[in-house]
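Containing mmCIF, N, CA and C atoms: run_24.cif.
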```
data_input
#
loop_
_atom_site.label_atom_id
_atom_site.label_comp_id
_atom_site.auth_asym_id
_atom_site.auth_seq_id
_atom_site.Cartn_x
_atom_site.Cartn_y
_atom_site.Cartn_z
N MET A 1 10.08 59.01 -95.14
CA MET A 1 10.28 60.34 -94.65
C MET A 1 10.51 61.32 -95.80
N GLY A 2 11.34 60.89 -96.75
CA GLY A 2 11.64 61.75 -97.89
C GLY A 2 10.41 62.06 -98.71
N ALA A 3 9.58 61.05 -98.96
CA ALA A 3 8.36 61.25 -99.74
C ALA A 3 7.40 62.17 -99.00
N SER A 4 7.34 62.04 -97.68
CA SER A 4 6.46 62.90 -96.88
C SER A 4 6.92 64.34 -96.95
N ILE A 5 8.23 64.56 -96.88
CA ILE A 5 8.77 65.92 -96.98
C ILE A 5 8.45 66.48 -98.36
N ARG A 6 8.65 65.65 -99.40
CA ARG A 6 8.38 66.08 -100.77
C ARG A 6 6.92 66.48 -100.94
N SER A 7 6.02 65.78 -100.23
CA SER A 7 4.59 66.06 -100.38
C SER A 7 4.18 67.36 -99.69
N GLY A 8 5.08 67.94 -98.91
CA GLY A 8 4.78 69.22 -98.28
C GLY A 8 4.36 69.12 -96.82
N MET A 9 4.42 67.93 -96.24
CA MET A 9 4.08 67.79 -94.82
C MET A 9 5.09 68.58 -93.98
N ASN A 10 4.62 69.10 -92.84
CA ASN A 10 5.57 69.79 -91.98
C ASN A 10 6.45 68.76 -91.26
N ILE A 11 7.62 69.20 -90.87
CA ILE A 11 8.63 68.28 -90.33
C ILE A 11 8.16 67.59 -89.05
N TYR A 12 7.35 68.27 -88.26
CA TYR A 12 6.85 67.67 -87.02
C TYR A 12 5.98 66.45 -87.31
N ASP A 13 5.08 66.61 -88.27
CA ASP A 13 4.21 65.48 -88.65
C ASP A 13 5.02 64.35 -89.28
N VAL A 14 5.99 64.71 -90.09
CA VAL A 14 6.83 63.71 -90.75
C VAL A 14 7.57 62.88 -89.70
N ILE A 15 8.17 63.56 -88.73
CA ILE A 15 8.93 62.85 -87.69
C ILE A 15 8.00 61.99 -86.85
N TYR A 16 6.86 62.53 -86.49
CA TYR A 16 5.92 61.75 -85.67
C TYR A 16 5.43 60.51 -86.42
N LEU A 17 5.06 60.68 -87.68
CA LEU A 17 4.58 59.54 -88.46
C LEU A 17 5.68 58.49 -88.67
N ALA A 18 6.90 58.96 -88.91
CA ALA A 18 8.01 58.02 -89.10
C ALA A 18 8.27 57.24 -87.83
N ALA A 19 8.25 57.93 -86.67
CA ALA A 19 8.47 57.25 -85.39
C ALA A 19 7.36 56.24 -85.12
N GLU A 20 6.14 56.62 -85.43
CA GLU A 20 5.00 55.73 -85.22
C GLU A 20 5.06 54.52 -86.16
N ALA A 21 5.49 54.74 -87.39
CA ALA A 21 5.56 53.66 -88.38
C ALA A 21 6.61 52.62 -88.01
N CYS A 22 7.64 53.04 -87.28
CA CYS A 22 8.70 52.10 -86.88
C CYS A 22 8.19 51.04 -85.92
N ASN A 23 7.15 51.38 -85.19
CA ASN A 23 6.58 50.46 -84.21
C ASN A 23 7.63 50.02 -83.19
N ASP A 24 8.53 50.94 -82.86
CA ASP A 24 9.58 50.69 -81.87
C ASP A 24 9.33 51.62 -80.69
N PRO A 25 9.06 51.06 -79.51
CA PRO A 25 8.75 51.90 -78.35
C PRO A 25 9.84 52.93 -78.04
N ARG A 26 11.09 52.61 -78.34
CA ARG A 26 12.18 53.55 -78.08
C ARG A 26 12.02 54.82 -78.91
N MET A 27 11.43 54.69 -80.08
CA MET A 27 11.21 55.86 -80.93
C MET A 27 10.10 56.73 -80.35
N LEU A 28 9.02 56.10 -79.94
CA LEU A 28 7.89 56.86 -79.41
C LEU A 28 8.19 57.46 -78.04
N ASP A 29 9.08 56.82 -77.28
CA ASP A 29 9.44 57.34 -75.96
C ASP A 29 10.14 58.70 -76.06
N ASN A 30 10.88 58.91 -77.13
CA ASN A 30 11.67 60.14 -77.28
C ASN A 30 11.03 61.18 -78.19
N ILE A 31 9.88 60.90 -78.74
CA ILE A 31 9.31 61.78 -79.77
C ILE A 31 9.11 63.20 -79.26
N GLU A 32 8.62 63.35 -78.04
CA GLU A 32 8.37 64.70 -77.51
C GLU A 32 9.68 65.47 -77.35
N ASP A 33 10.75 64.76 -76.91
CA ASP A 33 12.06 65.41 -76.76
C ASP A 33 12.60 65.87 -78.11
N VAL A 34 12.42 65.04 -79.12
CA VAL A 34 12.90 65.37 -80.46
C VAL A 34 12.17 66.60 -80.99
N LEU A 35 10.86 66.59 -80.89
CA LEU A 35 10.07 67.70 -81.40
C LEU A 35 10.35 68.99 -80.61
N ALA A 36 10.52 68.86 -79.30
CA ALA A 36 10.83 70.04 -78.48
C ALA A 36 12.21 70.60 -78.84
N SER A 37 13.15 69.73 -79.14
CA SER A 37 14.49 70.17 -79.54
C SER A 37 14.44 70.98 -80.82
N ILE A 38 13.64 70.53 -81.76
CA ILE A 38 13.50 71.26 -83.03
C ILE A 38 12.88 72.63 -82.76
N GLU A 39 11.86 72.66 -81.92
CA GLU A 39 11.23 73.94 -81.58
C GLU A 39 12.22 74.88 -80.89
N ASP A 40 13.17 74.32 -80.14
CA ASP A 40 14.18 75.12 -79.44
C ASP A 40 15.31 75.56 -80.36
N GLY A 41 15.25 75.16 -81.63
CA GLY A 41 16.26 75.60 -82.59
C GLY A 41 17.40 74.63 -82.82
N VAL A 42 17.32 73.45 -82.25
CA VAL A 42 18.34 72.44 -82.50
C VAL A 42 18.20 71.97 -83.94
N SER A 43 19.32 71.68 -84.58
CA SER A 43 19.27 71.20 -85.96
C SER A 43 18.47 69.91 -86.04
N LEU A 44 17.96 69.63 -87.21
CA LEU A 44 17.19 68.40 -87.40
C LEU A 44 18.05 67.18 -87.09
N GLY A 45 19.29 67.19 -87.59
CA GLY A 45 20.19 66.07 -87.31
C GLY A 45 20.45 65.90 -85.83
N GLY A 46 20.64 67.03 -85.12
CA GLY A 46 20.86 66.98 -83.68
C GLY A 46 19.64 66.46 -82.94
N ALA A 47 18.48 66.93 -83.34
CA ALA A 47 17.24 66.48 -82.69
C ALA A 47 16.98 65.00 -82.98
N ILE A 48 17.16 64.59 -84.23
CA ILE A 48 16.92 63.20 -84.61
C ILE A 48 17.87 62.26 -83.86
N SER A 49 19.04 62.75 -83.52
CA SER A 49 20.00 61.88 -82.81
C SER A 49 19.48 61.48 -81.43
N LEU A 50 18.46 62.16 -80.93
CA LEU A 50 17.85 61.77 -79.65
C LEU A 50 17.12 60.44 -79.76
N PHE A 51 16.76 60.07 -80.98
CA PHE A 51 16.18 58.74 -81.19
C PHE A 51 17.32 57.73 -81.08
N LYS A 52 17.46 57.11 -79.95
CA LYS A 52 18.57 56.19 -79.72
C LYS A 52 18.46 54.93 -80.58
N ALA A 53 17.28 54.66 -81.11
CA ALA A 53 17.09 53.45 -81.91
C ALA A 53 17.59 53.61 -83.34
N LEU A 54 17.83 54.85 -83.76
CA LEU A 54 18.28 55.08 -85.14
C LEU A 54 19.79 54.83 -85.26
N PRO A 55 20.20 54.16 -86.31
CA PRO A 55 21.63 54.01 -86.55
C PRO A 55 22.28 55.38 -86.78
N GLU A 56 23.50 55.52 -86.34
CA GLU A 56 24.21 56.79 -86.49
C GLU A 56 24.32 57.20 -87.96
N GLU A 57 24.41 56.22 -88.83
CA GLU A 57 24.50 56.49 -90.27
C GLU A 57 23.27 57.26 -90.77
N VAL A 58 22.10 56.90 -90.27
CA VAL A 58 20.87 57.58 -90.67
C VAL A 58 20.89 59.03 -90.19
N VAL A 59 21.30 59.20 -88.95
CA VAL A 59 21.41 60.55 -88.38
C VAL A 59 22.39 61.38 -89.21
N ASP A 60 23.51 60.77 -89.59
CA ASP A 60 24.50 61.48 -90.41
C ASP A 60 23.93 61.89 -91.76
N TYR A 61 23.15 61.02 -92.40
CA TYR A 61 22.52 61.36 -93.69
C TYR A 61 21.58 62.54 -93.52
N ILE A 62 20.79 62.52 -92.44
CA ILE A 62 19.84 63.61 -92.20
C ILE A 62 20.60 64.91 -91.94
N ALA A 63 21.64 64.85 -91.12
CA ALA A 63 22.42 66.06 -90.82
C ALA A 63 23.08 66.62 -92.08
N LEU A 64 23.65 65.72 -92.88
CA LEU A 64 24.30 66.16 -94.12
C LEU A 64 23.27 66.76 -95.08
N GLY A 65 22.12 66.13 -95.18
CA GLY A 65 21.07 66.64 -96.06
C GLY A 65 20.59 68.01 -95.62
N GLU A 66 20.49 68.19 -94.32
CA GLU A 66 20.07 69.49 -93.79
C GLU A 66 21.13 70.56 -94.08
N GLU A 67 22.39 70.21 -93.90
CA GLU A 67 23.48 71.17 -94.11
C GLU A 67 23.64 71.57 -95.57
N THR A 68 23.39 70.61 -96.46
CA THR A 68 23.63 70.87 -97.89
C THR A 68 22.37 71.30 -98.63
N GLY A 69 21.23 71.28 -97.96
CA GLY A 69 19.98 71.63 -98.63
C GLY A 69 19.45 70.52 -99.49
N ARG A 70 19.96 69.31 -99.28
CA ARG A 70 19.53 68.15 -100.07
C ARG A 70 18.88 67.10 -99.17
N LEU A 71 18.12 67.56 -98.18
CA LEU A 71 17.55 66.66 -97.17
C LEU A 71 16.71 65.55 -97.81
N GLU A 72 15.77 65.94 -98.65
CA GLU A 72 14.89 64.95 -99.28
C GLU A 72 15.70 63.92 -100.07
N GLU A 73 16.64 64.39 -100.87
CA GLU A 73 17.45 63.50 -101.70
C GLU A 73 18.25 62.52 -100.85
N LEU A 74 18.88 63.02 -99.79
CA LEU A 74 19.72 62.14 -98.97
C LEU A 74 18.90 61.18 -98.12
N ILE A 75 17.73 61.61 -97.68
CA ILE A 75 16.86 60.68 -96.95
C ILE A 75 16.42 59.55 -97.87
N LEU A 76 16.06 59.88 -99.09
CA LEU A 76 15.66 58.84 -100.05
C LEU A 76 16.83 57.93 -100.39
N GLN A 77 18.02 58.49 -100.52
CA GLN A 77 19.21 57.69 -100.79
C GLN A 77 19.49 56.74 -99.62
N CYS A 78 19.37 57.25 -98.42
CA CYS A 78 19.57 56.43 -97.23
C CYS A 78 18.53 55.30 -97.17
N ALA A 79 17.29 55.63 -97.50
CA ALA A 79 16.23 54.62 -97.52
C ALA A 79 16.53 53.54 -98.55
N ASP A 80 17.05 53.93 -99.71
CA ASP A 80 17.42 52.95 -100.75
C ASP A 80 18.52 52.01 -100.25
N ILE A 81 19.49 52.58 -99.55
CA ILE A 81 20.60 51.77 -99.02
C ILE A 81 20.06 50.74 -98.02
N TYR A 82 19.20 51.20 -97.11
CA TYR A 82 18.66 50.27 -96.10
C TYR A 82 17.70 49.26 -96.72
N GLU A 83 17.00 49.64 -97.77
CA GLU A 83 16.14 48.69 -98.46
C GLU A 83 16.99 47.59 -99.11
N GLU A 84 18.10 47.99 -99.72
CA GLU A 84 18.99 47.01 -100.34
C GLU A 84 19.59 46.07 -99.29
N ARG A 85 19.97 46.64 -98.16
CA ARG A 85 20.51 45.82 -97.06
C ARG A 85 19.46 44.83 -96.55
N ALA A 86 18.22 45.29 -96.46
CA ALA A 86 17.14 44.41 -96.00
C ALA A 86 16.93 43.27 -96.99
N LYS A 87 17.00 43.57 -98.28
CA LYS A 87 16.85 42.52 -99.30
C LYS A 87 17.97 41.50 -99.18
N GLU A 88 19.21 41.98 -98.99
CA GLU A 88 20.35 41.07 -98.85
C GLU A 88 20.20 40.21 -97.59
N ALA A 89 19.75 40.81 -96.50
CA ALA A 89 19.55 40.06 -95.25
C ALA A 89 18.47 39.00 -95.45
N PHE A 90 17.42 39.35 -96.18
CA PHE A 90 16.35 38.40 -96.45
C PHE A 90 16.87 37.23 -97.29
N LYS A 91 17.67 37.55 -98.31
CA LYS A 91 18.25 36.49 -99.14
C LYS A 91 19.12 35.57 -98.30
N SER A 92 19.91 36.15 -97.41
CA SER A 92 20.77 35.34 -96.54
C SER A 92 19.93 34.45 -95.63
N MET A 93 18.84 35.01 -95.12
CA MET A 93 17.97 34.24 -94.24
C MET A 93 17.33 33.07 -95.00
N ILE A 94 16.89 33.33 -96.21
CA ILE A 94 16.28 32.27 -97.04
C ILE A 94 17.32 31.19 -97.35
N THR A 95 18.55 31.61 -97.66
CA THR A 95 19.62 30.65 -97.94
C THR A 95 19.88 29.77 -96.72
N ALA A 96 19.96 30.38 -95.55
CA ALA A 96 20.20 29.61 -94.32
C ALA A 96 19.03 28.67 -94.04
N PHE A 97 17.82 29.15 -94.25
CA PHE A 97 16.64 28.32 -94.02
C PHE A 97 16.61 27.15 -94.99
N THR A 98 16.95 27.40 -96.24
CA THR A 98 16.99 26.34 -97.25
C THR A 98 18.04 25.29 -96.88
N PHE A 99 19.20 25.75 -96.43
CA PHE A 99 20.24 24.83 -95.99
C PHE A 99 19.74 23.96 -94.84
N PHE A 100 19.07 24.60 -93.88
CA PHE A 100 18.54 23.88 -92.73
C PHE A 100 17.53 22.83 -93.17
N LEU A 101 16.64 23.18 -94.10
CA LEU A 101 15.65 22.22 -94.59
C LEU A 101 16.32 21.06 -95.33
N ARG A 102 17.34 21.37 -96.11
CA ARG A 102 18.06 20.29 -96.81
C ARG A 102 18.73 19.36 -95.82
N LEU A 103 19.30 19.93 -94.78
CA LEU A 103 19.95 19.13 -93.74
C LEU A 103 18.95 18.20 -93.06
N ILE A 104 17.77 18.71 -92.77
CA ILE A 104 16.72 17.89 -92.16
C ILE A 104 16.30 16.78 -93.12
N LEU A 105 16.11 17.11 -94.38
CA LEU A 105 15.70 16.12 -95.38
C LEU A 105 16.74 15.01 -95.50
N ILE A 106 18.01 15.39 -95.58
CA ILE A 106 19.08 14.40 -95.67
C ILE A 106 19.09 13.53 -94.42
N SER A 107 18.89 14.14 -93.25
CA SER A 107 18.87 13.38 -92.00
C SER A 107 17.73 12.38 -91.98
N VAL A 108 16.56 12.80 -92.44
CA VAL A 108 15.40 11.90 -92.48
C VAL A 108 15.66 10.74 -93.43
N VAL A 109 16.22 11.03 -94.60
CA VAL A 109 16.52 9.97 -95.57
C VAL A 109 17.53 8.99 -94.98
N LEU A 110 18.56 9.51 -94.31
CA LEU A 110 19.56 8.62 -93.70
C LEU A 110 18.95 7.78 -92.60
N VAL A 111 18.14 8.36 -91.75
CA VAL A 111 17.51 7.61 -90.66
C VAL A 111 16.60 6.54 -91.24
N LEU A 112 15.84 6.87 -92.27
CA LEU A 112 14.97 5.86 -92.89
C LEU A 112 15.79 4.74 -93.53
N GLY A 113 16.87 5.11 -94.20
CA GLY A 113 17.71 4.10 -94.83
C GLY A 113 18.35 3.17 -93.80
N VAL A 114 18.88 3.74 -92.75
CA VAL A 114 19.49 2.93 -91.69
C VAL A 114 18.43 2.07 -91.02
N SER A 115 17.25 2.65 -90.78
CA SER A 115 16.16 1.89 -90.15
C SER A 115 15.75 0.71 -91.01
N GLN A 116 15.65 0.92 -92.32
CA GLN A 116 15.29 -0.19 -93.21
C GLN A 116 16.36 -1.28 -93.16
N GLY A 117 17.62 -0.88 -93.16
CA GLY A 117 18.70 -1.85 -93.10
C GLY A 117 18.67 -2.65 -91.81
N LEU A 118 18.43 -1.94 -90.70
CA LEU A 118 18.36 -2.62 -89.41
C LEU A 118 17.16 -3.55 -89.34
N LEU A 119 16.04 -3.12 -89.88
CA LEU A 119 14.85 -3.98 -89.89
C LEU A 119 15.08 -5.23 -90.73
N LYS A 120 15.76 -5.07 -91.88
CA LYS A 120 16.06 -6.23 -92.72
C LYS A 120 16.98 -7.19 -91.98
N MET A 121 18.00 -6.63 -91.29
CA MET A 121 18.92 -7.48 -90.53
C MET A 121 18.19 -8.19 -89.40
N LEU A 122 17.28 -7.48 -88.72
CA LEU A 122 16.50 -8.08 -87.64
C LEU A 122 15.58 -9.18 -88.17
N LYS A 123 14.97 -8.93 -89.34
CA LYS A 123 14.09 -9.92 -89.96
C LYS A 123 14.88 -11.17 -90.33
N ASP A 124 16.08 -10.96 -90.92
CA ASP A 124 16.93 -12.09 -91.29
C ASP A 124 17.36 -12.87 -90.07
N ALA A 125 17.68 -12.19 -88.98
CA ALA A 125 18.11 -12.85 -87.74
C ALA A 125 16.95 -13.64 -87.15
N MET A 126 15.74 -13.09 -87.19
CA MET A 126 14.59 -13.80 -86.66
C MET A 126 14.27 -15.03 -87.52
N SER A 127 14.45 -14.89 -88.83
CA SER A 127 14.21 -16.04 -89.72
C SER A 127 15.22 -17.13 -89.45
N ALA A 128 16.48 -16.76 -89.17
CA ALA A 128 17.53 -17.74 -88.91
C ALA A 128 17.27 -18.48 -87.57
N LEU A 129 16.65 -17.80 -86.63
CA LEU A 129 16.37 -18.41 -85.33
C LEU A 129 15.16 -19.33 -85.40
N GLY A 130 14.40 -19.16 -86.36
CA GLY A 130 13.36 -20.13 -86.50
C GLY A 130 12.04 -19.58 -86.72
#
```

Would you mind writing the file's structure down as structure tokens?
Amino acid sequence: MGASIRSGMNIYDVIYLAAEACNDPRMLDNIEDVLASIEDGVSLGGAISLFKALPEEVVDYIALGEETGRLEELILQCADIYEERAKEAFKSMITAFTFFLRLILISVVLVLGVSQGLLKMLKDAMSALG
């Protein structure tokens, strides 16, 4: 959104493209209400808050940016924060997945080891029986 604003796109196109890029039906369901609110003179932060799918923190960054005249800067800062959070969530997911794979590998090794031991015991018992 910040890069689009910097490039000179009008706010209506920026909001529409951002809502479309999210690929979240809740965003597209409210797009007309958001754009109409802006046309009616509602602040950008107030209009954006109609997107129920957006975290309140994002709305607050947009409202603060609008109030201070630093909209582009604060939108980019907010995007950086969410990008960092996404990276951390991805790392956590990979760590959990790796743990799960290790657990499966250990389980397979244990099952194979126990199975070999049981087979050896069964073979010895069959040999003893004749």

Looking only at the backbone, which of the residues in chain A does DSSP tag as helix (DSSP H, G or I), as a ChimeraX atom specification? /A:2-6,11-22,25-39,44-48,56-68,71-129

Would you pick out the contacts of segment 58-66 of chain A at 8 Å or less, using only N, CA and C atoms, so that residues sharing its chain but fewer than 4 positions from it are not included, and give the list as a ChimeraX atom specification? /A:43-46,48-49,54,70-75,78-79

Go ahead and write the residues just picked, N, CA and C atoms, as a PDB file, keeping the file's coordinate frame.
```pdb
ATOM      1  N   SER A  43      19.320  71.680 -84.580  1.00  0.00           N
ATOM      2  CA  SER A  43      19.270  71.200 -85.960  1.00  0.00           C
ATOM      3  C   SER A  43      18.470  69.910 -86.040  1.00  0.00           C
ATOM      4  N   LEU A  44      17.960  69.630 -87.210  1.00  0.00           N
ATOM      5  CA  LEU A  44      17.190  68.400 -87.400  1.00  0.00           C
ATOM      6  C   LEU A  44      18.050  67.180 -87.090  1.00  0.00           C
ATOM      7  N   GLY A  45      19.290  67.190 -87.590  1.00  0.00           N
ATOM      8  CA  GLY A  45      20.190  66.070 -87.310  1.00  0.00           C
ATOM      9  C   GLY A  45      20.450  65.900 -85.830  1.00  0.00           C
ATOM     10  N   GLY A  46      20.640  67.030 -85.120  1.00  0.00           N
ATOM     11  CA  GLY A  46      20.860  66.980 -83.680  1.00  0.00           C
ATOM     12  C   GLY A  46      19.640  66.460 -82.940  1.00  0.00           C
ATOM     13  N   ILE A  48      17.160  64.590 -84.230  1.00  0.00           N
ATOM     14  CA  ILE A  48      16.920  63.200 -84.610  1.00  0.00           C
ATOM     15  C   ILE A  48      17.870  62.260 -83.860  1.00  0.00           C
ATOM     16  N   SER A  49      19.040  62.750 -83.520  1.00  0.00           N
ATOM     17  CA  SER A  49      20.000  61.880 -82.810  1.00  0.00           C
ATOM     18  C   SER A  49      19.480  61.480 -81.430  1.00  0.00           C
ATOM     19  N   LEU A  54      17.830  54.850 -83.760  1.00  0.00           N
ATOM     20  CA  LEU A  54      18.280  55.080 -85.140  1.00  0.00           C
ATOM     21  C   LEU A  54      19.790  54.830 -85.260  1.00  0.00           C
ATOM     22  N   ARG A  70      19.960  69.310 -99.280  1.00  0.00           N
ATOM     23  CA  ARG A  70      19.530  68.150-100.070  1.00  0.00           C
ATOM     24  C   ARG A  70      18.880  67.100 -99.170  1.00  0.00           C
ATOM     25  N   LEU A  71      18.120  67.560 -98.180  1.00  0.00           N
ATOM     26  CA  LEU A  71      17.550  66.660 -97.170  1.00  0.00           C
ATOM     27  C   LEU A  71      16.710  65.550 -97.810  1.00  0.00           C
ATOM     28  N   GLU A  72      15.770  65.940 -98.650  1.00  0.00           N
ATOM     29  CA  GLU A  72      14.890  64.950 -99.280  1.00  0.00           C
ATOM     30  C   GLU A  72      15.700  63.920-100.070  1.00  0.00           C
ATOM     31  N   GLU A  73      16.640  64.390-100.870  1.00  0.00           N
ATOM     32  CA  GLU A  73      17.450  63.500-101.700  1.00  0.00           C
ATOM     33  C   GLU A  73      18.250  62.520-100.850  1.00  0.00           C
ATOM     34  N   LEU A  74      18.880  63.020 -99.790  1.00  0.00           N
ATOM     35  CA  LEU A  74      19.720  62.140 -98.970  1.00  0.00           C
ATOM     36  C   LEU A  74      18.900  61.180 -98.120  1.00  0.00           C
ATOM     37  N   ILE A  75      17.730  61.610 -97.680  1.00  0.00           N
ATOM     38  CA  ILE A  75      16.860  60.680 -96.950  1.00  0.00           C
ATOM     39  C   ILE A  75      16.420  59.550 -97.870  1.00  0.00           C
ATOM     40  N   CYS A  78      19.370  57.250 -98.420  1.00  0.00           N
ATOM     41  CA  CYS A  78      19.570  56.430 -97.230  1.00  0.00           C
ATOM     42  C   CYS A  78      18.530  55.300 -97.170  1.00  0.00           C
ATOM     43  N   ALA A  79      17.290  55.630 -97.500  1.00  0.00           N
ATOM     44  CA  ALA A  79      16.230  54.620 -97.520  1.00  0.00           C
ATOM     45  C   ALA A  79      16.530  53.540 -98.550  1.00  0.00           C
TER      46      ALA A  79
END
```

List the residues matched by the PyMOL selection byres (((chain A and resi 30 and name CA) around 12) and name CA) in the displayed structure as a PyMOL selection string, ordered by chain and then by residue number. chain A and resi 15-16+19-20+24-29+31-37+47-54
